[in-house]
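One structure is given here, and the rest of the page talks about it.
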Amino acid sequence: MAAFYAVVAALILTGTLGVWVALVLLALPRFAQVMGIYNRERPDEPPPNYPIWPLWYVSAAFYFNKRAGSCSCSADHQPLPAVYLR
């Protein structure tokens, strides 16, 4: 997940993506939260009412991906700078 930010930064710096894609930085708090989950050991038994027990870390990854993806999609709908419209 950390590579996601590195790739986005590289694509912005090379001009492949517009600066609006930097909106994905709004997902950094959720990234920190998910990394906190990843740094803890998996429980021995499922918590009460946890429907997808064998996939303990996957739900946290989707939790981050939902925020990062929505920020990325929001960036896609921003107007292009005039330099791209020539």
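By convention in this document, the chains of the structure tokens carry letters A, B, ... by their order, each chain's residues are numbered from 1, and ligands are numbered from 1 in the order they are shown.
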
Q: Give the alpha helix (DSSP H) residues of chain A, as assigned by DSSP on the backbone, as a ChimeraX atom specification.
A: /A:2-13,28-39,56-76

Q: Take atom CA of Gly15 of chain A and atom CA of Tyr63 of chain A and report the distance between them in Å, one decimal.
A: 28.8 Å

Q | Using only C-alpha atoms: which of A:Val7, A:Ala61, A:Val24, A:Ala68 has the shortest distance to Gly36 of chain A | A | A:Ala61

What's the 9 Å shell around Ile37 of chain A, counting only C-alpha atoms, without same-chain residues fewer than 4 positions away, as a compact mmCIF listing (two decimals) with N, CA, C and O atoms, in the first residue's frame?
# COMPACT_ATOMS: atom_id res chain seq x y z
N ALA A 32 -2.69 5.10 7.64
CA ALA A 32 -2.05 4.94 8.95
C ALA A 32 -2.87 4.01 9.84
O ALA A 32 -2.32 3.17 10.56
N GLN A 33 -4.18 4.14 9.79
CA GLN A 33 -5.06 3.29 10.59
C GLN A 33 -4.93 1.83 10.17
O GLN A 33 -4.83 0.93 11.01
N GLU A 41 -0.84 -8.52 15.74
CA GLU A 41 -1.00 -9.93 15.40
C GLU A 41 -2.46 -10.25 15.17
O GLU A 41 -3.35 -9.66 15.79
N ARG A 42 -2.68 -11.20 14.30
CA ARG A 42 -4.04 -11.66 14.04
C ARG A 42 -4.55 -12.40 15.28
O ARG A 42 -3.83 -13.21 15.87
N TYR A 57 -6.94 -9.65 7.32
CA TYR A 57 -6.29 -8.43 6.84
C TYR A 57 -6.93 -7.87 5.57
O TYR A 57 -6.75 -6.71 5.25
N ALA A 60 -9.28 -4.89 6.06
CA ALA A 60 -8.58 -3.63 6.32
C ALA A 60 -8.05 -3.04 5.02
O ALA A 60 -8.08 -1.83 4.82
